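Colleague: Here you go, this is run.pdb (PDB, C-alpha atoms).
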ATOM      1  CA  MET Z   1     113.648-176.436 -46.540  1.00  0.00           C
ATOM      2  CA  ASP Z   2     116.570-174.326 -45.397  1.00  0.00           C
ATOM      3  CA  VAL Z   3     116.995-174.005 -41.627  1.00  0.00           C
ATOM      4  CA  PRO Z   4     119.514-171.913 -39.692  1.00  0.00           C
ATOM      5  CA  TRP Z   5     122.622-173.896 -38.783  1.00  0.00           C
ATOM      6  CA  SER Z   6     121.904-173.276 -35.089  1.00  0.00           C
ATOM      7  CA  ARG Z   7     118.979-175.716 -35.329  1.00  0.00           C
ATOM      8  CA  VAL Z   8     121.090-178.547 -36.789  1.00  0.00           C
ATOM      9  CA  HIS Z   9     122.877-181.097 -34.614  1.00  0.00           C
ATOM     10  CA  SER Z  10     124.845-182.936 -37.280  1.00  0.00           C
ATOM     11  CA  TRP Z  11     125.126-184.012 -40.871  1.00  0.00           C
ATOM     12  CA  HIS Z  12     127.108-186.519 -42.909  1.00  0.00           C
ATOM     13  CA  CYS Z  13     127.134-187.533 -46.551  1.00  0.00           C
ATOM     14  CA  ASN Z  14     126.526-191.163 -47.381  1.00  0.00           C
ATOM     15  CA  ALA Z  15     126.492-190.560 -51.148  1.00  0.00           C
ATOM     16  CA  CYS Z  16     122.810-191.368 -51.562  1.00  0.00           C
ATOM     17  CA  GLY Z  17     122.724-189.133 -54.666  1.00  0.00           C
ATOM     18  CA  ARG Z  18     119.386-187.604 -53.768  1.00  0.00           C
ATOM     19  CA  CYS Z  19     120.739-184.045 -53.901  1.00  0.00           C
ATOM     20  CA  CYS Z  20     122.183-184.691 -57.366  1.00  0.00           C
ATOM     21  CA  LYS Z  21     118.741-185.615 -58.657  1.00  0.00           C
ATOM     22  CA  GLU Z  22     116.730-182.823 -57.045  1.00  0.00           C
ATOM     23  CA  TYR Z  23     119.085-179.902 -56.541  1.00  0.00           C
ATOM     24  CA  VAL Z  24     119.327-177.259 -59.276  1.00  0.00           C
ATOM     25  CA  VAL Z  25     123.030-176.450 -59.317  1.00  0.00           C
ATOM     26  CA  PRO Z  26     123.876-172.778 -59.815  1.00  0.00           C
ATOM     27  CA  LEU Z  27     127.237-172.049 -61.399  1.00  0.00           C
ATOM     28  CA  ARG Z  28     129.531-169.098 -60.923  1.00  0.00           C
ATOM     29  CA  ALA Z  29     130.720-167.511 -64.180  1.00  0.00           C
ATOM     30  CA  HIS Z  30     134.145-169.177 -64.039  1.00  0.00           C
ATOM     31  CA  GLU Z  31     132.497-172.566 -63.369  1.00  0.00           C
ATOM     32  CA  TYR Z  32     130.236-172.054 -66.378  1.00  0.00           C
ATOM     33  CA  LEU Z  33     133.291-171.396 -68.542  1.00  0.00           C
ATOM     34  CA  LYS Z  34     135.040-174.540 -67.243  1.00  0.00           C
ATOM     35  CA  LEU Z  35     132.001-176.747 -67.958  1.00  0.00           C
ATOM     36  CA  LYS Z  36     130.647-175.063 -71.093  1.00  0.00           C
ATOM     37  CA  TRP Z  37     132.393-177.561 -73.382  1.00  0.00           C
ATOM     38  CA  THR Z  38     130.360-180.432 -71.901  1.00  0.00           C
ATOM     39  CA  GLY Z  39     127.070-179.113 -73.302  1.00  0.00           C
ATOM     40  CA  PHE Z  40     125.466-179.637 -69.886  1.00  0.00           C
ATOM     41  CA  VAL Z  41     125.228-176.023 -68.797  1.00  0.00           C
ATOM     42  CA  GLU Z  42     122.492-173.509 -69.438  1.00  0.00           C
ATOM     43  CA  GLU Z  43     121.743-169.864 -68.882  1.00  0.00           C
ATOM     44  CA  ARG Z  44     118.423-168.713 -67.414  1.00  0.00           C
ATOM     45  CA  TYR Z  45     117.667-165.084 -66.653  1.00  0.00           C
ATOM     46  CA  GLY Z  46     121.342-164.149 -66.659  1.00  0.00           C
ATOM     47  CA  ARG Z  47     122.404-166.990 -64.351  1.00  0.00           C
ATOM     48  CA  PHE Z  48     124.151-170.252 -65.145  1.00  0.00           C
ATOM     49  CA  TYR Z  49     123.132-173.778 -64.090  1.00  0.00           C
ATOM     50  CA  ILE Z  50     123.974-177.406 -64.776  1.00  0.00           C
ATOM     51  CA  ARG Z  51     121.409-178.668 -67.285  1.00  0.00           C
ATOM     52  CA  LYS Z  52     119.663-181.810 -66.063  1.00  0.00           C
ATOM     53  CA  ILE Z  53     118.721-184.780 -68.166  1.00  0.00           C
ATOM     54  CA  GLY Z  54     115.212-185.312 -66.856  1.00  0.00           C
ATOM     55  CA  LYS Z  55     115.809-185.112 -63.108  1.00  0.00           C
ATOM     56  CA  ASN Z  56     119.348-186.442 -63.298  1.00  0.00           C
ATOM     57  CA  CYS Z  57     122.611-184.581 -63.116  1.00  0.00           C
ATOM     58  CA  PRO Z  58     124.589-185.533 -66.227  1.00  0.00           C
ATOM     59  CA  PHE Z  59     127.759-185.781 -64.141  1.00  0.00           C
ATOM     60  CA  GLN Z  60     126.366-188.384 -61.741  1.00  0.00           C
ATOM     61  CA  ILE Z  61     127.241-191.982 -62.483  1.00  0.00           C
ATOM     62  CA  GLY Z  62     125.481-194.264 -60.035  1.00  0.00           C
ATOM     63  CA  ARG Z  63     126.062-192.559 -56.714  1.00  0.00           C
ATOM     64  CA  LEU Z  64     129.312-190.920 -57.793  1.00  0.00           C
ATOM     65  CA  CYS Z  65     130.026-187.485 -59.214  1.00  0.00           C
ATOM     66  CA  ILE Z  66     132.591-187.480 -61.981  1.00  0.00           C
ATOM     67  CA  LEU Z  67     133.347-183.799 -61.358  1.00  0.00           C
ATOM     68  CA  GLN Z  68     136.130-183.527 -58.833  1.00  0.00           C
ATOM     69  CA  GLY Z  69     138.676-180.944 -57.778  1.00  0.00           C
ATOM     70  CA  GLU Z  70     138.513-177.663 -59.683  1.00  0.00           C
ATOM     71  CA  LEU Z  71     135.680-178.867 -61.926  1.00  0.00           C
ATOM     72  CA  LYS Z  72     133.231-179.535 -59.097  1.00  0.00           C
ATOM     73  CA  PRO Z  73     130.958-176.495 -58.642  1.00  0.00           C
ATOM     74  CA  ILE Z  74     131.141-174.656 -55.320  1.00  0.00           C
ATOM     75  CA  ALA Z  75     127.406-175.231 -54.779  1.00  0.00           C
ATOM     76  CA  CYS Z  76     127.980-178.993 -54.963  1.00  0.00           C
ATOM     77  CA  LYS Z  77     130.981-178.821 -52.655  1.00  0.00           C
ATOM     78  CA  LEU Z  78     128.952-176.919 -50.072  1.00  0.00           C
ATOM     79  CA  TYR Z  79     125.658-178.808 -50.213  1.00  0.00           C
ATOM     80  CA  PRO Z  80     123.629-179.024 -47.927  1.00  0.00           C
ATOM     81  CA  PHE Z  81     125.149-175.782 -46.565  1.00  0.00           C
ATOM     82  CA  LYS Z  82     124.119-172.429 -48.014  1.00  0.00           C
ATOM     83  CA  ILE Z  83     126.119-169.364 -47.081  1.00  0.00           C
ATOM     84  CA  ARG Z  84     124.608-165.930 -47.444  1.00  0.00           C
ATOM     85  CA  ARG Z  85     125.487-162.342 -46.542  1.00  0.00           C
ATOM     86  CA  LYS Z  86     122.004-161.611 -45.127  1.00  0.00           C
ATOM     87  CA  GLY Z  87     119.480-163.630 -43.225  1.00  0.00           C
ATOM     88  CA  ASP Z  88     117.897-164.701 -40.000  1.00  0.00           C
ATOM     89  CA  GLU Z  89     119.699-163.889 -36.736  1.00  0.00           C
ATOM     90  CA  ARG Z  90     119.651-167.620 -35.833  1.00  0.00           C
ATOM     91  CA  ALA Z  91     121.759-168.297 -38.928  1.00  0.00           C
ATOM     92  CA  ILE Z  92     124.649-165.987 -37.962  1.00  0.00           C
ATOM     93  CA  PHE Z  93     128.030-167.685 -37.881  1.00  0.00           C
ATOM     94  CA  GLU Z  94     131.107-165.573 -37.227  1.00  0.00           C
ATOM     95  CA  TYR Z  95     134.320-166.407 -39.016  1.00  0.00           C
ATOM     96  CA  GLY Z  96     137.403-164.262 -39.554  1.00  0.00           C
ATOM     97  CA  GLY Z  97     135.752-161.225 -38.009  1.00  0.00           C
ATOM     98  CA  GLU Z  98     132.850-161.408 -40.458  1.00  0.00           C
ATOM     99  CA  ARG Z  99     129.246-162.478 -40.101  1.00  0.00           C
ATOM    100  CA  PHE Z 100     127.849-165.112 -42.414  1.00  0.00           C
ATOM    101  CA  TYR Z 101     124.334-166.470 -42.495  1.00  0.00           C
ATOM    102  CA  VAL Z 102     124.538-170.231 -42.766  1.00  0.00           C
ATOM    103  CA  TYR Z 103     121.597-172.440 -43.601  1.00  0.00           C
ATOM    104  CA  VAL Z 104     121.284-176.195 -43.992  1.00  0.00           C
ATOM    105  CA  ASP Z 105     118.919-177.805 -46.494  1.00  0.00           C
ATOM    106  CA  THR Z 106     116.836-180.388 -44.653  1.00  0.00           C
ATOM    107  CA  PHE Z 107     116.002-182.067 -47.965  1.00  0.00           C
ATOM    108  CA  CYS Z 108     119.157-184.079 -47.301  1.00  0.00           C
ATOM    109  CA  PRO Z 109     118.048-187.170 -45.335  1.00  0.00           C
ATOM    110  CA  ASN Z 110     121.216-187.107 -43.205  1.00  0.00           C
ATOM    111  CA  VAL Z 111     120.557-183.733 -41.574  1.00  0.00           C
ATOM    112  CA  VAL Z 112     119.828-184.250 -37.875  1.00  0.00           C
ATOM    113  CA  LEU Z 113     118.091-181.379 -36.113  1.00  0.00           C
ATOM    114  CA  GLY Z 114     119.032-180.402 -32.561  1.00  0.00           C
ATOM    115  CA  ARG Z 115     121.772-178.597 -30.696  1.00  0.00           C
ATOM    116  CA  PRO Z 116     124.830-178.060 -32.977  1.00  0.00           C
ATOM    117  CA  SER Z 117     127.720-180.459 -32.483  1.00  0.00           C
ATOM    118  CA  GLU Z 118     131.365-179.416 -32.596  1.00  0.00           C
ATOM    119  CA  SER Z 119     131.837-181.442 -35.801  1.00  0.00           C
ATOM    120  CA  LEU Z 120     129.039-179.447 -37.454  1.00  0.00           C
ATOM    121  CA  LYS Z 121     130.770-176.202 -36.487  1.00  0.00           C
ATOM    122  CA  ARG Z 122     134.011-177.469 -38.066  1.00  0.00           C
ATOM    123  CA  MET Z 123     132.091-178.329 -41.238  1.00  0.00           C
ATOM    124  CA  ILE Z 124     130.633-174.828 -41.372  1.00  0.00           C
ATOM    125  CA  ILE Z 125     134.102-173.295 -41.057  1.00  0.00           C
ATOM    126  CA  GLU Z 126     135.280-175.516 -43.910  1.00  0.00           C
ATOM    127  CA  ALA Z 127     132.236-174.521 -45.989  1.00  0.00           C
ATOM    128  CA  ILE Z 128     132.877-170.813 -45.398  1.00  0.00           C
ATOM    129  CA  GLN Z 129     136.546-171.230 -46.315  1.00  0.00           C
ATOM    130  CA  ILE Z 130     135.560-172.956 -49.577  1.00  0.00           C
ATOM    131  CA  HIS Z 131     132.911-170.297 -50.209  1.00  0.00           C
ATOM    132  CA  LEU Z 132     135.527-167.562 -49.755  1.00  0.00           C
ATOM    133  CA  GLY Z 133     138.138-169.373 -51.856  1.00  0.00           C
ATOM    134  CA  GLU Z 134     140.495-169.768 -48.882  1.00  0.00           C
ATOM    135  CA  ARG Z 135     140.651-173.501 -49.474  1.00  0.00           C
ATOM    136  CA  ARG Z 136     139.894-175.849 -52.321  1.00  0.00           C
ATOM    137  CA  ASP Z 137     140.214-179.255 -50.709  1.00  0.00           C
ATOM    138  CA  ILE Z 138     137.282-180.938 -49.029  1.00  0.00           C
ATOM    139  CA  GLU Z 139     137.828-182.806 -45.784  1.00  0.00           C
ATOM    140  CA  SER Z 140     134.478-183.227 -44.087  1.00  0.00           C
ATOM    141  CA  ILE Z 141     131.746-181.697 -46.226  1.00  0.00           C
ATOM    142  CA  THR Z 142     130.325-183.448 -49.256  1.00  0.00           C
ATOM    143  CA  CYS Z 143     131.719-186.750 -50.388  1.00  0.00           C
ATOM    144  CA  ASN Z 144     134.912-186.875 -52.325  1.00  0.00           C
ATOM    145  CA  ARG Z 145     135.891-189.559 -54.815  1.00  0.00           C
ATOM    146  CA  LYS Z 146     138.243-191.440 -52.445  1.00  0.00           C
ATOM    147  CA  LEU Z 147     135.554-191.668 -49.785  1.00  0.00           C
ATOM    148  CA  LEU Z 148     132.921-192.758 -52.299  1.00  0.00           C
ATOM    149  CA  THR Z 149     135.197-195.356 -53.850  1.00  0.00           C
ATOM    150  CA  PHE Z 150     135.849-196.796 -50.401  1.00  0.00           C
ATOM    151  CA  LYS Z 151     132.150-196.756 -49.511  1.00  0.00           C
ATOM    152  CA  SER Z 152     131.126-198.404 -52.783  1.00  0.00           C
ATOM    153  CA  GLN Z 153     133.677-201.193 -52.178  1.00  0.00           C
ATOM    154  CA  VAL Z 154     132.351-201.693 -48.635  1.00  0.00           C
ATOM    155  CA  ASP Z 155     128.694-201.615 -49.758  1.00  0.00           C
ATOM    156  CA  THR Z 156     129.154-204.373 -52.354  1.00  0.00           C
TER
END
I need this file expressed as structure tokens, please.
Modeller:
Amino acid sequence: MDVPWSRVHSWHCNACGRCCKEYVVPLRAHEYLKLKWTGFVEERYGRFYIRKIGKNCPFQIGRLCILQGELKPIACKLYPFKIRRKGDERAIFEYGGERFYVYVDTFCPNVVLGRPSESLKRMIIEAIQIHLGERRDIESITCNRKLLTFKSQVDT
């Protein structure tokens, strides 16, 4: 269930992989073209998606995503954040003189509801910047390979 960001206290990614199994990943046209060669993309009703194998993302190995950098779809980089141009007043987040409507998917088990923390606000700014193409690197949203590699070494 998507809730307005103003109802979320915090979130962090622990690479549980749950979103990779359940989330249907939409692709932008340029992302489709970059991943078309893999055979794991599909078109439905004029939109592009990563094609699952059963419930599994074909790019997930264990808890890790093999798509990194420019190959990783924007939707995956942003999850559990969803940025829209219209929505509920409680979802308004102003950035760069524009209004965005930011939602958080509570399907992620690490979403904590409550009064928004400053770290959550920083994550939303990062998500909007990625959404707009102002930045490509990920610092605090979604897990990146270095973080996951470290966590998998610690967990074993």
Colleague: Using only C-alpha atoms, which protein or nucleic acid residues come within 7 Å of Tyr49 (chain Z)? Drop anything in the same chain fewer than 2 positions from it, and give the result as a ChimeraX atom specification.
Modeller: /Z:25-27,41-43,47,51
Colleague: From the options Z:Val104, Z:Ile53, Z:Val24, Z:Ile138, which residue's atoms come nearest to Lys72 (chain Z), counting only C-alpha atoms?
Modeller: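 Among the listed residues, the smallest separation from Lys72 (chain Z) belongs to Z:Ile138.
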Colleague: Report, in Å to a single decimal, how far apart CA of Glu31 (chain Z) and CA of Arg44 (chain Z) are.
Modeller: 15.1 Å
Colleague: So which one's closest to Glu134 (chain Z), Z:Gly96, Z:Pro80, Z:Pro116, Z:Pro73? Using all atoms listed in the file, please.
Modeller: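 Of all the options, Z:Gly96 lies closest to Glu134 (chain Z).
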Colleague: At a cut-off of 10 Å, using all atoms listed in the file, what residues contact Phe59 (chain Z)? Leave out same-chain residues fewer than 2 positions from it and give the result as a list in words.
Modeller: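 Everything that qualifies: Cys20, Thr38, Phe40, Ile50, Lys52, Ile53, Asn56, Cys57, Ile61, Gly62, Leu64, Cys65, Ile66, Leu67 and Lys72 of chain Z.
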